[in-house]
>>> print(open('upload09.cif').read())   # mmCIF, C-alpha atoms (C1' of nucleotides)
data_run
#
loop_
_atom_site.label_atom_id
_atom_site.label_comp_id
_atom_site.auth_asym_id
_atom_site.auth_seq_id
_atom_site.Cartn_x
_atom_site.Cartn_y
_atom_site.Cartn_z
CA MET A 1 6.56 -22.93 -13.19
CA SER A 2 8.84 -21.79 -10.43
CA LEU A 3 11.08 -18.80 -10.09
CA CYS A 4 14.37 -18.30 -8.36
CA CYS A 5 12.69 -15.47 -6.51
CA ASP A 6 10.07 -17.72 -4.95
CA PRO A 7 11.47 -17.16 -1.45
CA LEU A 8 11.33 -13.44 -2.16
CA LEU A 9 7.74 -13.73 -3.33
CA ASP A 10 6.81 -15.44 -0.08
CA LEU A 11 8.33 -12.62 1.93
CA LEU A 12 6.57 -9.86 0.02
CA ASP A 13 3.22 -9.96 1.75
CA PRO A 14 0.92 -7.29 0.30
CA ARG A 15 -0.58 -6.72 3.75
CA LEU A 16 2.78 -5.64 5.13
CA PHE A 17 3.19 -2.98 2.45
CA LYS A 18 -0.45 -1.96 2.42
CA ALA A 19 -0.20 -1.39 6.16
CA LEU A 20 2.59 1.14 5.69
CA SER A 21 1.14 2.75 2.57
CA ASP A 22 -0.90 5.28 4.55
CA PRO A 23 0.73 8.42 6.07
CA ASN A 24 -1.29 8.22 9.28
CA ARG A 25 -0.39 4.59 9.81
CA ILE A 26 3.27 5.35 9.13
CA THR A 27 3.19 8.06 11.79
CA MET A 28 1.48 5.73 14.26
CA PHE A 29 4.13 3.14 13.53
CA CYS A 30 6.86 5.70 14.29
CA GLN A 31 5.12 6.89 17.44
CA LEU A 32 5.19 3.32 18.70
CA ALA A 33 8.85 3.01 17.77
CA ASP A 34 9.53 5.98 20.01
CA CYS A 35 7.44 4.63 22.86
CA CYS A 36 8.81 1.34 24.16
CA GLY A 37 5.96 1.11 26.70
CA GLY A 38 3.34 0.77 24.00
CA MET A 39 0.31 3.01 23.64
CA THR A 40 -3.41 2.66 24.17
CA VAL A 41 -5.89 3.54 21.48
CA SER A 42 -6.84 6.71 23.35
CA GLU A 43 -3.25 7.82 23.80
CA MET A 44 -2.63 7.35 20.13
CA ALA A 45 -5.84 9.14 19.18
CA GLU A 46 -4.75 12.22 21.17
CA ARG A 47 -1.94 12.71 18.69
CA PHE A 48 -4.09 12.61 15.56
CA PRO A 49 -6.86 14.90 14.36
CA ILE A 50 -8.97 11.95 13.28
CA ASP A 51 -11.75 10.07 15.00
CA ILE A 52 -10.72 7.50 17.59
CA SER A 53 -12.65 4.80 15.74
CA VAL A 54 -10.44 5.39 12.73
CA VAL A 55 -7.35 5.14 14.93
CA SER A 56 -8.66 1.87 16.30
CA ARG A 57 -9.09 0.51 12.81
CA HIS A 58 -5.62 1.65 11.73
CA LEU A 59 -4.00 -0.04 14.72
CA ALA A 60 -5.95 -3.24 14.13
CA LEU A 61 -4.84 -3.22 10.50
CA LEU A 62 -1.20 -2.80 11.53
CA ARG A 63 -1.64 -5.66 13.97
CA ASP A 64 -3.24 -7.93 11.36
CA ALA A 65 -0.30 -7.19 9.08
CA GLY A 66 2.06 -8.50 11.75
CA LEU A 67 3.60 -5.17 12.74
CA LEU A 68 1.96 -4.70 16.12
CA LYS A 69 0.64 -6.85 18.92
CA SER A 70 -2.17 -5.87 21.25
CA THR A 71 -2.83 -6.71 24.88
CA ARG A 72 -5.95 -5.96 26.92
CA ASP A 73 -5.32 -4.13 30.19
CA GLY A 74 -8.66 -3.62 31.86
CA LYS A 75 -10.78 -1.35 29.77
CA GLN A 76 -7.84 -0.32 27.67
CA VAL A 77 -6.13 -2.04 24.77
CA ARG A 78 -2.41 -1.42 24.48
CA TYR A 79 -0.57 -1.73 21.19
CA TRP A 80 3.12 -2.60 20.95
CA LEU A 81 5.51 -2.51 18.06
CA MET A 82 7.00 -5.91 17.24
CA VAL A 83 10.41 -4.46 16.57
CA SER A 84 12.52 -7.54 16.04
CA ASP A 85 9.88 -9.19 13.89
CA VAL A 86 9.61 -6.20 11.58
CA VAL A 87 13.38 -5.71 11.45
CA ASP A 88 13.84 -9.38 10.60
CA ARG A 89 11.24 -9.30 7.86
CA LEU A 90 12.81 -6.25 6.23
CA ARG A 91 16.31 -7.72 6.38
CA LYS A 92 15.11 -11.05 5.02
CA ILE A 93 13.49 -9.28 2.09
CA ALA A 94 16.70 -7.35 1.40
CA ASP A 95 18.76 -10.55 1.63
CA ALA A 96 16.39 -12.53 -0.59
CA LEU A 97 16.38 -9.76 -3.15
CA GLU A 98 20.17 -9.69 -3.27
CA THR A 99 20.37 -13.48 -3.46
CA CYS A 100 17.78 -13.68 -6.20
CA CYS A 101 19.43 -11.04 -8.36
CA LEU A 102 22.85 -12.57 -7.85
CA ALA A 103 21.50 -15.96 -8.88
CA ALA A 104 19.94 -14.41 -11.96
CA LYS A 105 23.24 -12.81 -12.89
CA THR A 106 25.25 -15.98 -12.51
CA SER A 107 22.62 -17.93 -14.43
CA ALA A 108 22.01 -20.15 -11.46
CA CYS A 109 18.46 -20.37 -12.71
CA SER A 110 17.06 -20.58 -16.20
CA PRO A 111 16.26 -17.27 -17.83
CA LEU A 112 12.62 -16.31 -17.95
CA GLU A 113 12.62 -16.51 -21.72
CA GLU A 114 13.26 -20.25 -21.70
CA ARG A 115 10.41 -21.13 -19.40
CA PRO A 116 7.10 -22.67 -20.48
CA MET B 1 7.96 18.79 18.17
CA SER B 2 10.54 16.28 17.02
CA LEU B 3 10.78 12.59 17.53
CA CYS B 4 13.72 10.27 17.94
CA CYS B 5 12.29 8.35 15.02
CA ASP B 6 12.46 11.31 12.64
CA PRO B 7 15.12 9.62 10.50
CA LEU B 8 12.85 6.58 10.37
CA LEU B 9 9.92 8.74 9.35
CA ASP B 10 11.96 10.15 6.49
CA LEU B 11 12.77 6.67 5.23
CA LEU B 12 9.18 5.43 5.32
CA ASP B 13 7.97 6.85 2.04
CA PRO B 14 4.32 5.90 1.48
CA ARG B 15 4.98 5.57 -2.26
CA LEU B 16 7.50 2.80 -1.65
CA PHE B 17 4.98 0.74 0.30
CA LYS B 18 2.04 1.63 -1.87
CA ALA B 19 4.02 0.41 -4.86
CA LEU B 20 4.39 -3.05 -3.32
CA SER B 21 0.90 -3.23 -1.88
CA ASP B 22 -0.57 -4.73 -5.03
CA PRO B 23 -0.15 -8.46 -5.83
CA ASN B 24 0.40 -7.88 -9.54
CA ARG B 25 3.09 -5.28 -8.88
CA ILE B 26 4.78 -7.58 -6.38
CA THR B 27 4.91 -10.32 -8.99
CA MET B 28 6.27 -7.91 -11.60
CA PHE B 29 8.89 -6.82 -9.10
CA CYS B 30 9.93 -10.46 -8.56
CA GLN B 31 9.96 -11.17 -12.28
CA LEU B 32 12.44 -8.35 -12.71
CA ALA B 33 14.50 -9.67 -9.82
CA ASP B 34 14.82 -12.94 -11.72
CA CYS B 35 15.66 -11.26 -14.99
CA CYS B 36 18.88 -9.30 -14.75
CA GLY B 37 18.51 -8.18 -18.36
CA GLY B 38 15.40 -6.20 -17.63
CA MET B 39 12.09 -6.61 -19.41
CA THR B 40 10.07 -4.63 -21.89
CA VAL B 41 6.45 -3.76 -21.26
CA SER B 42 5.35 -6.33 -23.80
CA GLU B 43 7.47 -9.08 -22.30
CA MET B 44 6.04 -8.35 -18.89
CA ALA B 45 2.49 -8.20 -20.23
CA GLU B 46 2.86 -11.70 -21.71
CA ARG B 47 3.11 -13.04 -18.18
CA PHE B 48 -0.05 -11.41 -16.86
CA PRO B 49 -3.70 -11.84 -17.80
CA ILE B 50 -4.28 -8.11 -17.69
CA ASP B 51 -4.27 -5.47 -20.38
CA ILE B 52 -0.88 -4.19 -21.48
CA SER B 53 -1.91 -0.63 -20.66
CA VAL B 54 -2.41 -1.68 -17.06
CA VAL B 55 1.03 -3.30 -17.05
CA SER B 56 2.50 -0.09 -18.40
CA ARG B 57 0.89 1.88 -15.60
CA HIS B 58 2.07 -0.58 -12.94
CA LEU B 59 5.65 -0.40 -14.18
CA ALA B 60 5.55 3.40 -14.29
CA LEU B 61 4.24 3.46 -10.74
CA LEU B 62 7.06 1.17 -9.57
CA ARG B 63 9.52 3.45 -11.34
CA ASP B 64 8.08 6.60 -9.79
CA ALA B 65 8.39 4.96 -6.38
CA GLY B 66 12.11 4.50 -7.00
CA LEU B 67 12.09 0.73 -7.44
CA LEU B 68 12.68 0.54 -11.19
CA LYS B 69 14.39 2.52 -13.86
CA SER B 70 13.36 2.63 -17.49
CA THR B 71 15.39 3.02 -20.66
CA ARG B 72 14.10 3.48 -24.17
CA ASP B 73 15.46 1.04 -26.72
CA GLY B 74 13.96 1.86 -30.08
CA LYS B 75 10.24 1.32 -29.97
CA GLN B 76 10.49 -0.56 -26.75
CA VAL B 77 10.86 0.60 -23.18
CA ARG B 78 12.89 -1.65 -20.93
CA TYR B 79 12.40 -1.69 -17.19
CA TRP B 80 15.15 -2.64 -14.74
CA LEU B 81 15.09 -3.37 -11.07
CA MET B 82 17.27 -1.01 -9.05
CA VAL B 83 18.51 -3.78 -6.81
CA SER B 84 21.09 -2.06 -4.69
CA ASP B 85 18.90 1.01 -4.18
CA VAL B 86 15.98 -1.06 -2.94
CA VAL B 87 18.20 -3.27 -0.79
CA ASP B 88 19.81 -0.19 0.75
CA ARG B 89 16.47 1.43 1.49
CA LEU B 90 15.14 -1.67 3.21
CA ARG B 91 18.28 -2.10 5.29
CA LYS B 92 18.31 1.56 6.27
CA ILE B 93 14.71 1.28 7.45
CA ALA B 94 15.57 -1.81 9.49
CA ASP B 95 18.61 -0.08 11.00
CA ALA B 96 16.72 3.12 11.78
CA LEU B 97 13.93 1.14 13.41
CA GLU B 98 16.37 -0.72 15.63
CA THR B 99 18.22 2.48 16.53
CA CYS B 100 15.02 4.33 17.33
CA CYS B 101 13.64 1.60 19.57
CA LEU B 102 16.98 1.17 21.31
CA ALA B 103 17.10 4.92 21.98
CA ALA B 104 13.56 4.81 23.34
CA LYS B 105 14.49 1.97 25.69
CA THR B 106 17.59 3.67 27.04
CA SER B 107 15.64 6.92 27.47
CA ALA B 108 18.00 8.65 25.11
CA CYS B 109 15.02 10.75 24.16
CA SER B 110 12.17 12.11 26.22
CA PRO B 111 9.11 9.89 26.47
CA LEU B 112 6.18 10.88 24.34
CA GLU B 113 4.09 11.65 27.40
CA GLU B 114 6.36 14.51 28.44
CA ARG B 115 6.24 16.34 25.17
CA PRO B 116 4.25 19.47 24.45
"C1'" DT C 1 -27.60 -4.25 38.42
"C1'" DG C 2 -26.81 -0.08 36.39
"C1'" DT C 3 -23.30 3.28 35.11
"C1'" DT C 4 -19.20 4.90 33.10
"C1'" DC C 5 -15.20 4.69 30.34
"C1'" DG C 6 -12.48 2.62 26.49
"C1'" DT C 7 -12.75 0.17 22.31
"C1'" DT C 8 -14.85 -1.90 18.36
"C1'" DT C 9 -18.29 -2.34 14.68
"C1'" DG C 10 -22.01 -0.99 11.30
"C1'" DC C 11 -23.21 2.30 7.94
"C1'" DG C 12 -22.76 5.87 4.55
"C1'" DC C 13 -20.00 9.24 1.89
"C1'" DG C 14 -16.30 11.03 -0.88
"C1'" DA C 15 -11.73 9.87 -2.72
"C1'" DT C 16 -8.51 6.76 -4.60
"C1'" DG C 17 -7.13 2.52 -7.12
"C1'" DA C 18 -7.17 -1.40 -10.54
"C1'" DT C 19 -8.84 -2.56 -14.80
"C1'" DG C 20 -10.29 -2.64 -19.94
"C1'" DC C 21 -11.03 -0.27 -24.11
"C1'" DA C 22 -10.08 3.10 -27.44
"C1'" DA C 23 -7.40 6.85 -29.01
"C1'" DA C 24 -3.03 9.30 -29.02
"C1'" DT C 25 1.98 9.39 -28.93
"C1'" DG C 26 6.45 7.87 -30.23
"C1'" DT C 27 9.80 5.26 -33.00
"C1'" DA C 28 11.65 2.60 -36.70
"C1'" DA C 29 11.12 0.69 -41.30
"C1'" DG C 30 9.37 0.63 -46.06
"C1'" DC D 1 5.45 10.30 -46.04
"C1'" DT D 2 3.00 6.32 -44.81
"C1'" DT D 3 2.80 2.20 -42.27
"C1'" DA D 4 3.46 -0.84 -38.47
"C1'" DC D 5 4.63 -1.74 -33.86
"C1'" DA D 6 5.37 -0.46 -28.77
"C1'" DT D 7 3.96 2.33 -25.28
"C1'" DT D 8 1.30 5.79 -23.01
"C1'" DT D 9 -2.80 8.39 -22.02
"C1'" DG D 10 -7.88 9.69 -21.54
"C1'" DC D 11 -12.20 7.79 -20.09
"C1'" DA D 12 -15.59 4.90 -17.76
"C1'" DT D 13 -16.53 1.31 -14.33
"C1'" DC D 14 -16.34 -1.19 -10.25
"C1'" DA D 15 -13.99 -2.18 -5.94
"C1'" DT D 16 -11.48 -0.63 -2.07
"C1'" DC D 17 -10.01 2.84 1.34
"C1'" DG D 18 -10.02 6.57 4.76
"C1'" DC D 19 -13.09 8.90 7.37
"C1'" DG D 20 -16.92 10.46 10.72
"C1'" DC D 21 -20.92 9.37 13.24
"C1'" DA D 22 -23.76 6.52 15.95
"C1'" DA D 23 -24.59 2.23 18.08
"C1'" DA D 24 -22.84 -1.94 20.17
"C1'" DC D 25 -19.57 -4.32 22.95
"C1'" DG D 26 -16.49 -5.08 27.07
"C1'" DA D 27 -14.57 -4.27 31.49
"C1'" DA D 28 -14.35 -2.09 35.91
"C1'" DC D 29 -16.85 0.13 39.58
"C1'" DA D 30 -20.65 2.19 42.58
#
>>> encode(input="upload09.cif", output="structure tokens")
Amino acid sequence: MSLCCDPLLDLLDPRLFKALSDPNRITMFCQLADCCGGMTVSEMAERFPIDISVVSRHLALLRDAGLLKSTRDGKQVRYWLMVSDVVDRLRKIADALETCCLAAKTSACSPLEERP
Amino acid sequence: MSLCCDPLLDLLDPRLFKALSDPNRITMFCQLADCCGGMTVSEMAERFPIDISVVSRHLALLRDAGLLKSTRDGKQVRYWLMVSDVVDRLRKIADALETCCLAAKTSACSPLEERP
DNA sequence: TGTTCGTTTGCGCGATGATGCAAATGTAAG
DNA sequence: CTTACATTTGCATCATCGCGCAAACGAACA
């Protein structure tokens, strides 16, 4: 069984949303948006009242979700926000959602009730 | 202390992302995107191998996060996807993210390092 | 090589989340 | 008013999450 919203379903990666479901991670995300030079784990940790190991884990989680990239610079690890990637993903989700709902309205796909 | 990304921070509601951080809720969200007539709790529950009470809770959570609206129709409660609201929120986040990062690049705001 | 600094990982604890079951609530029909 | 159906709400259980602490890892440097 396939849905008209299959492309939407592909775009809605739980990891993306789980990554931004935590207030601290959201703030880290915004800090990186304001800092085009990227930030090291230590620099980020200075701005939060939590242990640096926790900051490290949060940043790694954001990276694994595809929101950040990390580069080693000597002893330090610098995290960068992948702006265009994130912006593209969000816009694609919005577009797919609109397309899917429009298709549903115009009966471009069979109603759910008639499916096996 | 204020950040250039303050408008972005306001848009990034943890509840929105938490709502879509669960695979079952994502699928319910997509089902509603494909069904412009909305769905009752029972109709939704037919499509999932989980207890109907769990489905009810998932739908309520999606509603409380601002993704769905619910209307009572006799004994049944029908849930609808708030398409334009969700699409607008996603696009506003994408726009704010772009704006914030562009401002950071052009030094329209002070770098994080120089803040108190 | 040994030391130091930055980062990551292992472990445990308390809190939150997803789930199922049973009971309660709400609504329409007999 | 009683009954039947749809939904919601406790309650318990198990998994996951955020967190701190300590140890391990990695890279530069004396």
>>> resolve_selection(input="upload09.cif", expression="the PyMOL selection byres ((chain D) within 7 of (chain A))", output="list in words")
DC19, DG20 and DA27 of chain D
>>> closest_residue(input="upload09.cif", among="C:DT25, C:DT19, C:DT4, C:DT9", to="chain B", atoms="all atoms listed in the file")
C:DT19
>>> resolve_selection(input="upload09.cif", expression="the PyMOL selection byres ((chain A) within 9 of (chain B))", output="PyMOL selection string")
chain A and resi 3-6+8-9+12-23+26-27+30-37+83-84+86-91+93-95+97-98+100-105+109+111-112
>>> resolve_selection(input="upload09.cif", expression="the PyMOL selection byres ((chain B and resi 44) around 10)", output="compact mmCIF listing (two decimals) with C-alpha atoms, in the coordinates of the input")
# COMPACT_ATOMS: atom_id res chain seq x y z
CA MET B 28 6.27 -7.91 -11.60
CA GLN B 31 9.96 -11.17 -12.28
CA LEU B 32 12.44 -8.35 -12.71
CA GLY B 38 15.40 -6.20 -17.63
CA MET B 39 12.09 -6.61 -19.41
CA THR B 40 10.07 -4.63 -21.89
CA VAL B 41 6.45 -3.76 -21.26
CA SER B 42 5.35 -6.33 -23.80
CA GLU B 43 7.47 -9.08 -22.30
CA ALA B 45 2.49 -8.20 -20.23
CA GLU B 46 2.86 -11.70 -21.71
CA ARG B 47 3.11 -13.04 -18.18
CA PHE B 48 -0.05 -11.41 -16.86
CA ILE B 52 -0.88 -4.19 -21.48
CA VAL B 55 1.03 -3.30 -17.05
CA SER B 56 2.50 -0.09 -18.40
CA LEU B 59 5.65 -0.40 -14.18
CA ARG B 78 12.89 -1.65 -20.93
CA TYR B 79 12.40 -1.69 -17.19
>>> closest_atom_pairs(input="upload09.cif", of="chain C", to="chain B", cutoff="12 Å", atoms="all atoms listed in the file", output="tab-separated table")
residue	atom	partner	partner_atom	distance
C:DG17	C1'	B:Asp22	CA	10.0
C:DA18	C1'	B:Val54	CA	8.1
C:DT19	C1'	B:Val54	CA	6.9
C:DG20	C1'	B:Asp51	CA	6.7
C:DC21	C1'	B:Asp51	CA	9.3
C:DA22	C1'	B:Ser53	CA	11.3
C:DT25	C1'	B:Lys75	CA	11.6
C:DG26	C1'	B:Lys75	CA	7.6
C:DT27	C1'	B:Lys75	CA	5.0
C:DA28	C1'	B:Lys75	CA	7.0
C:DA29	C1'	B:Lys75	CA	11.4
>>> atom_distance(input="upload09.cif", atom1="CA of Ser70 in chain A", atom2="CA of Met82 in chain A")
10.0 Å
>>> atom_distance(input="upload09.cif", atom1="C1' of DT9 in chain D", atom2="CA of Gly66 in chain B")
21.5 Å
>>> residues_around(input="upload09.cif", residues="DT8 in chain C", least_positions_apart="6", cutoff="10 Å", atoms="all atoms listed in the file", output="count of residues only")
7
>>> axis_aligned_box(input="upload09.cif", around="range 10-24 of chain C", padding_each_side="5 Å", output="AutoDock Vina command-line options")
--center_x -13.1 --center_y 4.2 --center_z -8.9 --size_x 30.2 --size_y 23.7 --size_z 50.3
>>> atom_distance(input="upload09.cif", atom1="CA of Asp85 in chain B", atom2="CA of Leu67 in chain B")
7.6 Å
>>> decode(input="upload09.cif", residues="range 24-35 of chain A", atoms="all heavy atoms", output="PDB file, in the first residue's frame")
ATOM      1  N   ASN A  24      17.909  22.773  25.192  1.00  0.00           N
ATOM      2  CA  ASN A  24      19.341  23.052  25.121  1.00  0.00           C
ATOM      3  C   ASN A  24      19.877  22.900  23.711  1.00  0.00           C
ATOM      4  O   ASN A  24      20.675  23.717  23.248  1.00  0.00           O
ATOM      5  CB  ASN A  24      20.120  22.132  26.074  1.00  0.00           C
ATOM      6  CG  ASN A  24      20.108  22.653  27.499  1.00  0.00           C
ATOM      7  OD1 ASN A  24      19.970  23.849  27.720  1.00  0.00           O
ATOM      8  ND2 ASN A  24      20.246  21.755  28.460  1.00  0.00           N
ATOM      9  N   ARG A  25      19.426  21.854  23.021  1.00  0.00           N
ATOM     10  CA  ARG A  25      19.907  21.659  21.651  1.00  0.00           C
ATOM     11  C   ARG A  25      19.394  22.762  20.740  1.00  0.00           C
ATOM     12  O   ARG A  25      20.096  23.209  19.823  1.00  0.00           O
ATOM     13  CB  ARG A  25      19.496  20.273  21.138  1.00  0.00           C
ATOM     14  CG  ARG A  25      20.358  19.154  21.689  1.00  0.00           C
ATOM     15  CD  ARG A  25      20.207  17.875  20.871  1.00  0.00           C
ATOM     16  NE  ARG A  25      18.879  17.300  20.949  1.00  0.00           N
ATOM     17  CZ  ARG A  25      18.511  16.390  21.854  1.00  0.00           C
ATOM     18  NH1 ARG A  25      19.392  15.971  22.738  1.00  0.00           N
ATOM     19  NH2 ARG A  25      17.291  15.917  21.869  1.00  0.00           N
ATOM     20  N   ILE A  26      18.162  23.209  20.960  1.00  0.00           N
ATOM     21  CA  ILE A  26      17.631  24.314  20.165  1.00  0.00           C
ATOM     22  C   ILE A  26      18.494  25.551  20.354  1.00  0.00           C
ATOM     23  O   ILE A  26      18.851  26.234  19.385  1.00  0.00           O
ATOM     24  CB  ILE A  26      16.168  24.614  20.561  1.00  0.00           C
ATOM     25  CG1 ILE A  26      15.247  23.505  20.058  1.00  0.00           C
ATOM     26  CG2 ILE A  26      15.721  25.961  19.997  1.00  0.00           C
ATOM     27  CD1 ILE A  26      13.784  23.722  20.415  1.00  0.00           C
ATOM     28  N   THR A  27      18.858  25.838  21.596  1.00  0.00           N
ATOM     29  CA  THR A  27      19.683  27.018  21.866  1.00  0.00           C
ATOM     30  C   THR A  27      21.058  26.877  21.219  1.00  0.00           C
ATOM     31  O   THR A  27      21.588  27.841  20.651  1.00  0.00           O
ATOM     32  CB  THR A  27      19.819  27.224  23.380  1.00  0.00           C
ATOM     33  OG1 THR A  27      18.520  27.238  23.974  1.00  0.00           O
ATOM     34  CG2 THR A  27      20.508  28.544  23.680  1.00  0.00           C
ATOM     35  N   MET A  28      21.625  25.687  21.297  1.00  0.00           N
ATOM     36  CA  MET A  28      22.926  25.462  20.641  1.00  0.00           C
ATOM     37  C   MET A  28      22.810  25.688  19.143  1.00  0.00           C
ATOM     38  O   MET A  28      23.674  26.309  18.525  1.00  0.00           O
ATOM     39  CB  MET A  28      23.410  24.027  20.909  1.00  0.00           C
ATOM     40  CG  MET A  28      23.765  23.770  22.363  1.00  0.00           C
ATOM     41  SD  MET A  28      24.333  22.075  22.648  1.00  0.00           S
ATOM     42  CE  MET A  28      24.362  22.064  24.452  1.00  0.00           C
ATOM     43  N   PHE A  29      21.753  25.181  18.591  1.00  0.00           N
ATOM     44  CA  PHE A  29      21.481  25.362  17.161  1.00  0.00           C
ATOM     45  C   PHE A  29      21.437  26.848  16.821  1.00  0.00           C
ATOM     46  O   PHE A  29      22.049  27.293  15.842  1.00  0.00           O
ATOM     47  CB  PHE A  29      20.150  24.677  16.840  1.00  0.00           C
ATOM     48  CG  PHE A  29      19.718  24.761  15.403  1.00  0.00           C
ATOM     49  CD1 PHE A  29      20.192  23.853  14.474  1.00  0.00           C
ATOM     50  CD2 PHE A  29      18.815  25.727  14.999  1.00  0.00           C
ATOM     51  CE1 PHE A  29      19.786  23.923  13.148  1.00  0.00           C
ATOM     52  CE2 PHE A  29      18.404  25.802  13.676  1.00  0.00           C
ATOM     53  CZ  PHE A  29      18.883  24.893  12.747  1.00  0.00           C
ATOM     54  N   CYS A  30      20.764  27.647  17.632  1.00  0.00           N
ATOM     55  CA  CYS A  30      20.648  29.084  17.380  1.00  0.00           C
ATOM     56  C   CYS A  30      21.981  29.792  17.595  1.00  0.00           C
ATOM     57  O   CYS A  30      22.311  30.725  16.864  1.00  0.00           O
ATOM     58  CB  CYS A  30      19.575  29.691  18.288  1.00  0.00           C
ATOM     59  SG  CYS A  30      17.899  29.227  17.835  1.00  0.00           S
ATOM     60  N   GLN A  31      22.732  29.360  18.590  1.00  0.00           N
ATOM     61  CA  GLN A  31      24.057  29.943  18.806  1.00  0.00           C
ATOM     62  C   GLN A  31      24.910  29.760  17.562  1.00  0.00           C
ATOM     63  O   GLN A  31      25.629  30.672  17.143  1.00  0.00           O
ATOM     64  CB  GLN A  31      24.741  29.262  19.997  1.00  0.00           C
ATOM     65  CG  GLN A  31      24.067  29.497  21.324  1.00  0.00           C
ATOM     66  CD  GLN A  31      24.487  30.812  21.981  1.00  0.00           C
ATOM     67  OE1 GLN A  31      25.446  31.437  21.567  1.00  0.00           O
ATOM     68  NE2 GLN A  31      23.739  31.237  22.983  1.00  0.00           N
ATOM     69  N   LEU A  32      24.827  28.587  16.958  1.00  0.00           N
ATOM     70  CA  LEU A  32      25.624  28.328  15.760  1.00  0.00           C
ATOM     71  C   LEU A  32      25.108  29.122  14.566  1.00  0.00           C
ATOM     72  O   LEU A  32      25.872  29.467  13.669  1.00  0.00           O
ATOM     73  CB  LEU A  32      25.633  26.834  15.447  1.00  0.00           C
ATOM     74  CG  LEU A  32      26.494  25.998  16.379  1.00  0.00           C
ATOM     75  CD1 LEU A  32      26.307  24.515  16.117  1.00  0.00           C
ATOM     76  CD2 LEU A  32      27.959  26.387  16.243  1.00  0.00           C
ATOM     77  N   ALA A  33      23.813  29.403  14.565  1.00  0.00           N
ATOM     78  CA  ALA A  33      23.259  30.219  13.484  1.00  0.00           C
ATOM     79  C   ALA A  33      23.775  31.647  13.569  1.00  0.00           C
ATOM     80  O   ALA A  33      23.904  32.344  12.568  1.00  0.00           O
ATOM     81  CB  ALA A  33      21.732  30.203  13.548  1.00  0.00           C
ATOM     82  N   ASP A  34      24.091  32.061  14.776  1.00  0.00           N
ATOM     83  CA  ASP A  34      24.582  33.425  14.999  1.00  0.00           C
ATOM     84  C   ASP A  34      26.093  33.529  14.870  1.00  0.00           C
ATOM     85  O   ASP A  34      26.655  34.606  15.000  1.00  0.00           O
ATOM     86  CB  ASP A  34      24.188  33.892  16.400  1.00  0.00           C
ATOM     87  CG  ASP A  34      23.184  35.027  16.343  1.00  0.00           C
ATOM     88  OD1 ASP A  34      22.964  35.550  15.243  1.00  0.00           O
ATOM     89  OD2 ASP A  34      22.628  35.378  17.392  1.00  0.00           O
ATOM     90  N   CYS A  35      26.740  32.402  14.669  1.00  0.00           N
ATOM     91  CA  CYS A  35      28.200  32.373  14.710  1.00  0.00           C
ATOM     92  C   CYS A  35      28.709  31.677  13.454  1.00  0.00           C
ATOM     93  O   CYS A  35      28.917  30.472  13.456  1.00  0.00           O
ATOM     94  CB  CYS A  35      28.637  31.632  15.966  1.00  0.00           C
ATOM     95  SG  CYS A  35      30.396  31.658  16.240  1.00  0.00           S
TER      96      CYS A  35
END
